[in-house]
Amino acid sequence: MPSQLPLPARLQSVQRQHIEHVFQLGEGLDVPQLPAQATIRRSWLRCLNEYQLDPTRPRPARVVPQQTLIEHRESVDELLHVARAGVDQLYQQIAQLGYVLLLTDHRGITVEFRGDPNQDQQLRRAGLYLGADWDERFAGTCAVGTCLHDRQAIICHRQEHFDASHISLTCTAAPIADPQGNVMAVLDISALQSPTQHESQNFSLSLVTLYARMIEDAYFLQRYRDCLMVRLDTSREFVHVNGRGLIAIEENGQVIAANAVGRELIASHQRRWPPWSPHHTPMLGELFECEIADVLSINSATDDQLRAFRARVDNTIYFISLLEPRRPRPAQQAQSLPSSLPGALARLGADDPAMRKVQKLAERLRNEASVNVLISGETGTGKEVVASALHDSGNRSKGPFIAVNCAAIPEALIESELFGYEPGAFTGGRAKGMRGLIPQAHGGTLFLDEIGDMPLALQTRLLRVLAEREVMPLGANTPVKVDIRVITATHRDIDVMIKQGEFREDLYYRLNGAQLRLPALRERADKLYVIRQVFNDVVSERGGRHSPRLRADAISALLAYAWPGNIRQLKNALAFALATTESDEITVHDLPEQCLSQRITQQTPCSPADASNHTDHTLLEMLKAQHWNISAVARELGVSRPTVYRQMQRQGIVPPNWLG
């Protein structure tokens, strides 16, 4: 290949020198400026000879369209669901150092991304973005593409990249393998700028490799959660917390699958004792000097639930623990707290510290009718649900539960609604009068939601009710005795309202005998439990006539969203998905658009508004052409089904099968 080709004038001198070095390697020259890593050299030669990439023509970053990205994400949806926690944790460690994080599928397409929004445009141009294609055949030598080709962790630092437009980048990547050892993804951290020394990225390599293995093992544990597994390590102290080896087995000891450490142990065994069949996988008793009964009895027969066994291949002693499969449980009991809590309180949450505190305090208060409870939290966090659970679990459960939203009743009517009125008390009232909501709660619980919106004048009357335990209906001469427990709720800061003269301090202390503070949904550690509980509730409310499953990619999107409207917004989103889905499963693009990651929606070649405008012009014709197949139209437009439904509603388009 000739070493001298006309170079575009726009290329900087450092890029021109880099291109010259690429050609020198292609000619078989060995000069000091060429990469030291043999892996990089081999990749450069592949780019020149096999892929026929022209180093004089640097390529702009290629970002796939949104619909293509969705398809790539769907193909690894289970991995994305498992990897999300590891991705977030790793990014927290590297963000302040100027790095971004990419997770690609096995074809080099970036399916998950974390980066600084302030560098959005720079990262887009560099290809460090969601949907970017880092396949070596297109992008040339790079950490992701070369990692995929060589199936090993790699640093591709500055001038080690093939494409001259990438030589300011530093990228470090590690493969993530499935339980059979096939590369299914690549974890990469990259930076737009970095020190020139290659050694500056050595720690990055260790960090990325560590997290790739963590994600790989988490995926393995999820994949074989219903199987027996052994966890093993050469150190007794670390087996339970960070055992490196994982092997899934049948109850007879037959090996089903293993993680990277386990696969290497099996491979070492088979190199020494070749299997009689290429499809043969050994028994656990062939790998270790043990009987399967010794392994199956670990949890019941040992104090620390560990046993030491010697590996037959090299006599190394491994300490082994047994992970037994989780037993199937009814959906409504999944992740619930121990049964010591009453059922109504147990269903409020799973393993979240803040909700656990609420549940335990509620359990102590459930029969204390003399203690008024104030529930605080953001709008939509489920304050009425908690109040109802407190009522249902206590000794007043057979009495009425009367819920009143103080913000929803017009100020002119709230007094008559709460206290009731006698016949003829005021013009427009019922001829026979009306029993107020407070008297209706006699013998049970009165729940006053949004108590912060109660007018000051009415606060004075409520204070008297709490003090005297009697109600004076409008127009009446004789008070009515009431036996009620009062639970109130608010999303407002009552302390601030008191200082501003908007809420009576003495009433506040009457109401706040005990306070339950509900966490926002985005802060809860049991979001998955909440999502499944709310989904089951929505399905039940619809009569169970359509009960699709939530696919992993939809769950991942729901877990990643911030939920400013909390559980109420989650319920609306799931109800929308159930109403609009056309299949037996809900996927990520069945969800309302606001629930999707902003970074995903930005990858479409046109903005959502542009897509909507395009839909306005052609939607009716496209629906007719596709025989009213909403999914087909959504794919053609590159938008989600909910977007198509919304545009149909705006334009008044009704499918023929909805008419009459």
# chains A, B, ... in the order shown; residues from 1 in each chain; ligands from 1
call {"tool": "residues_around", "arguments": {"residues": "stretch 9-26 of chain A", "least_positions_apart": "6", "cutoff": "10 Å", "atoms": "only C-alpha atoms", "output": "ChimeraX atom specification"}}
result
/A:1-3,32-35,41-42,44-49,54-58,159-168
call {"tool": "select_by_dssp", "arguments": {"residues": "stretch 470-505 of chain A", "states": "strand (DSSP E or B)", "output": "list in words"}}
result
Glu470, Val471, Leu474, Val480, Lys481, Arg485, Val486, Ile487, Thr488, Ala489 and Thr490 of chain A
call {"tool": "write_last_selection", "arguments": {"atoms": "C-alpha atoms", "output": "short mmCIF file (atom, residue, chain, number, x, y, z; two decimals), in the first residue's frame"}}
result
data_model
loop_
_atom_site.label_atom_id
_atom_site.label_comp_id
_atom_site.auth_asym_id
_atom_site.auth_seq_id
_atom_site.Cartn_x
_atom_site.Cartn_y
_atom_site.Cartn_z
CA GLU A 470 -68.55 16.30 69.25
CA VAL A 471 -69.85 17.97 66.07
CA LEU A 474 -75.00 23.72 60.54
CA VAL A 480 -73.57 15.19 67.98
CA LYS A 481 -71.09 12.99 69.87
CA ARG A 485 -59.76 8.26 65.04
CA VAL A 486 -58.23 11.07 62.98
CA ILE A 487 -55.48 10.50 60.45
CA THR A 488 -54.31 13.46 58.37
CA ALA A 489 -51.92 13.84 55.46
CA THR A 490 -50.14 16.62 53.62
#
call {"tool": "closest_residue", "arguments": {"among": "A:Arg223, A:Arg151, A:His442, A:Arg464", "to": "A:Ile402", "atoms": "only C-alpha atoms"}}
result
A:His442
call {"tool": "residues_around", "arguments": {"residues": "A:Leu574", "least_positions_apart": "2", "cutoff": "9 Å", "atoms": "only C-alpha atoms", "output": "list in words"}}
result
Ile531, Val534, Phe535, Val538, Gln569, Leu570, Lys571, Asn572, Phe576, Ala577, Leu578, Ala579, Leu591 and Pro592 of chain A
call {"tool": "write_last_selection", "arguments": {"atoms": "all heavy atoms", "output": "short mmCIF file (atom, residue, chain, number, x, y, z; two decimals), in the first residue's frame"}}
result
data_model
loop_
_atom_site.label_atom_id
_atom_site.label_comp_id
_atom_site.auth_asym_id
_atom_site.auth_seq_id
_atom_site.Cartn_x
_atom_site.Cartn_y
_atom_site.Cartn_z
N ILE A 531 -43.48 -1.55 41.71
CA ILE A 531 -43.92 -1.65 40.32
C ILE A 531 -44.81 -2.88 40.13
O ILE A 531 -45.89 -2.81 39.53
CB ILE A 531 -42.70 -1.70 39.37
CG1 ILE A 531 -42.01 -0.32 39.34
CG2 ILE A 531 -43.11 -2.12 37.96
CD1 ILE A 531 -40.65 -0.34 38.69
N VAL A 534 -48.23 -2.42 42.05
CA VAL A 534 -49.13 -1.49 41.36
C VAL A 534 -49.64 -2.10 40.07
O VAL A 534 -50.82 -1.96 39.71
CB VAL A 534 -48.40 -0.15 41.09
CG1 VAL A 534 -49.26 0.77 40.22
CG2 VAL A 534 -48.07 0.54 42.42
N PHE A 535 -48.77 -2.81 39.35
CA PHE A 535 -49.19 -3.46 38.11
C PHE A 535 -50.29 -4.48 38.39
O PHE A 535 -51.31 -4.53 37.68
CB PHE A 535 -47.98 -4.13 37.46
CG PHE A 535 -48.31 -4.81 36.15
CD1 PHE A 535 -48.61 -4.06 35.02
CD2 PHE A 535 -48.31 -6.19 36.05
CE1 PHE A 535 -48.91 -4.67 33.82
CE2 PHE A 535 -48.62 -6.82 34.85
CZ PHE A 535 -48.92 -6.05 33.73
N VAL A 538 -53.53 -2.66 39.07
CA VAL A 538 -54.15 -2.11 37.86
C VAL A 538 -54.83 -3.23 37.06
O VAL A 538 -55.93 -3.06 36.55
CB VAL A 538 -53.12 -1.37 37.00
CG1 VAL A 538 -53.73 -0.92 35.67
CG2 VAL A 538 -52.57 -0.16 37.74
N GLN A 569 -48.35 8.52 39.56
CA GLN A 569 -47.90 8.60 38.17
C GLN A 569 -47.56 7.22 37.62
O GLN A 569 -47.87 6.89 36.47
CB GLN A 569 -46.69 9.53 38.05
CG GLN A 569 -46.23 9.75 36.61
CD GLN A 569 -44.91 10.48 36.54
OE1 GLN A 569 -44.23 10.68 37.53
NE2 GLN A 569 -44.53 10.89 35.33
N LEU A 570 -46.93 6.40 38.45
CA LEU A 570 -46.61 5.02 38.05
C LEU A 570 -47.89 4.26 37.70
O LEU A 570 -47.95 3.56 36.68
CB LEU A 570 -45.87 4.31 39.18
CG LEU A 570 -45.69 2.80 39.05
CD1 LEU A 570 -44.81 2.46 37.84
CD2 LEU A 570 -45.08 2.21 40.32
N LYS A 571 -48.92 4.41 38.53
CA LYS A 571 -50.18 3.71 38.27
C LYS A 571 -50.79 4.17 36.94
O LYS A 571 -51.26 3.35 36.15
CB LYS A 571 -51.15 3.97 39.41
CG LYS A 571 -52.46 3.20 39.29
CD LYS A 571 -53.32 3.39 40.53
CE LYS A 571 -54.61 2.57 40.41
NZ LYS A 571 -55.46 2.71 41.63
N ASN A 572 -50.76 5.47 36.68
CA ASN A 572 -51.30 5.98 35.42
C ASN A 572 -50.51 5.45 34.23
O ASN A 572 -51.08 5.13 33.18
CB ASN A 572 -51.27 7.51 35.43
CG ASN A 572 -52.27 8.10 36.40
OD1 ASN A 572 -53.23 7.45 36.79
ND2 ASN A 572 -52.04 9.33 36.82
N PHE A 576 -52.00 3.10 31.30
CA PHE A 576 -51.89 3.47 29.88
C PHE A 576 -51.30 2.32 29.06
O PHE A 576 -51.81 1.98 27.99
CB PHE A 576 -51.01 4.72 29.75
CG PHE A 576 -50.74 5.14 28.34
CD1 PHE A 576 -51.61 5.96 27.66
CD2 PHE A 576 -49.59 4.70 27.67
CE1 PHE A 576 -51.37 6.34 26.35
CE2 PHE A 576 -49.34 5.07 26.37
CZ PHE A 576 -50.23 5.90 25.71
N ALA A 577 -50.23 1.72 29.58
CA ALA A 577 -49.59 0.62 28.86
C ALA A 577 -50.54 -0.56 28.68
O ALA A 577 -50.60 -1.17 27.61
CB ALA A 577 -48.32 0.18 29.59
N LEU A 578 -51.29 -0.88 29.72
CA LEU A 578 -52.25 -1.98 29.63
C LEU A 578 -53.36 -1.68 28.62
O LEU A 578 -53.82 -2.57 27.90
CB LEU A 578 -52.88 -2.24 31.00
CG LEU A 578 -52.09 -3.14 31.95
CD1 LEU A 578 -52.65 -3.04 33.36
CD2 LEU A 578 -52.14 -4.59 31.48
N ALA A 579 -53.76 -0.41 28.56
CA ALA A 579 -54.86 -0.05 27.66
C ALA A 579 -54.43 -0.03 26.20
O ALA A 579 -55.26 -0.24 25.30
CB ALA A 579 -55.42 1.32 28.05
N LEU A 591 -44.79 2.07 27.02
CA LEU A 591 -44.91 3.02 28.13
C LEU A 591 -45.09 4.44 27.60
O LEU A 591 -44.66 4.75 26.49
CB LEU A 591 -43.65 2.96 29.00
CG LEU A 591 -43.31 1.59 29.60
CD1 LEU A 591 -41.97 1.65 30.31
CD2 LEU A 591 -44.40 1.15 30.57
N PRO A 592 -45.69 5.33 28.40
CA PRO A 592 -45.76 6.74 28.00
C PRO A 592 -44.36 7.29 27.76
O PRO A 592 -43.40 6.89 28.43
CB PRO A 592 -46.41 7.41 29.21
CG PRO A 592 -47.16 6.32 29.90
CD PRO A 592 -46.36 5.08 29.69
#
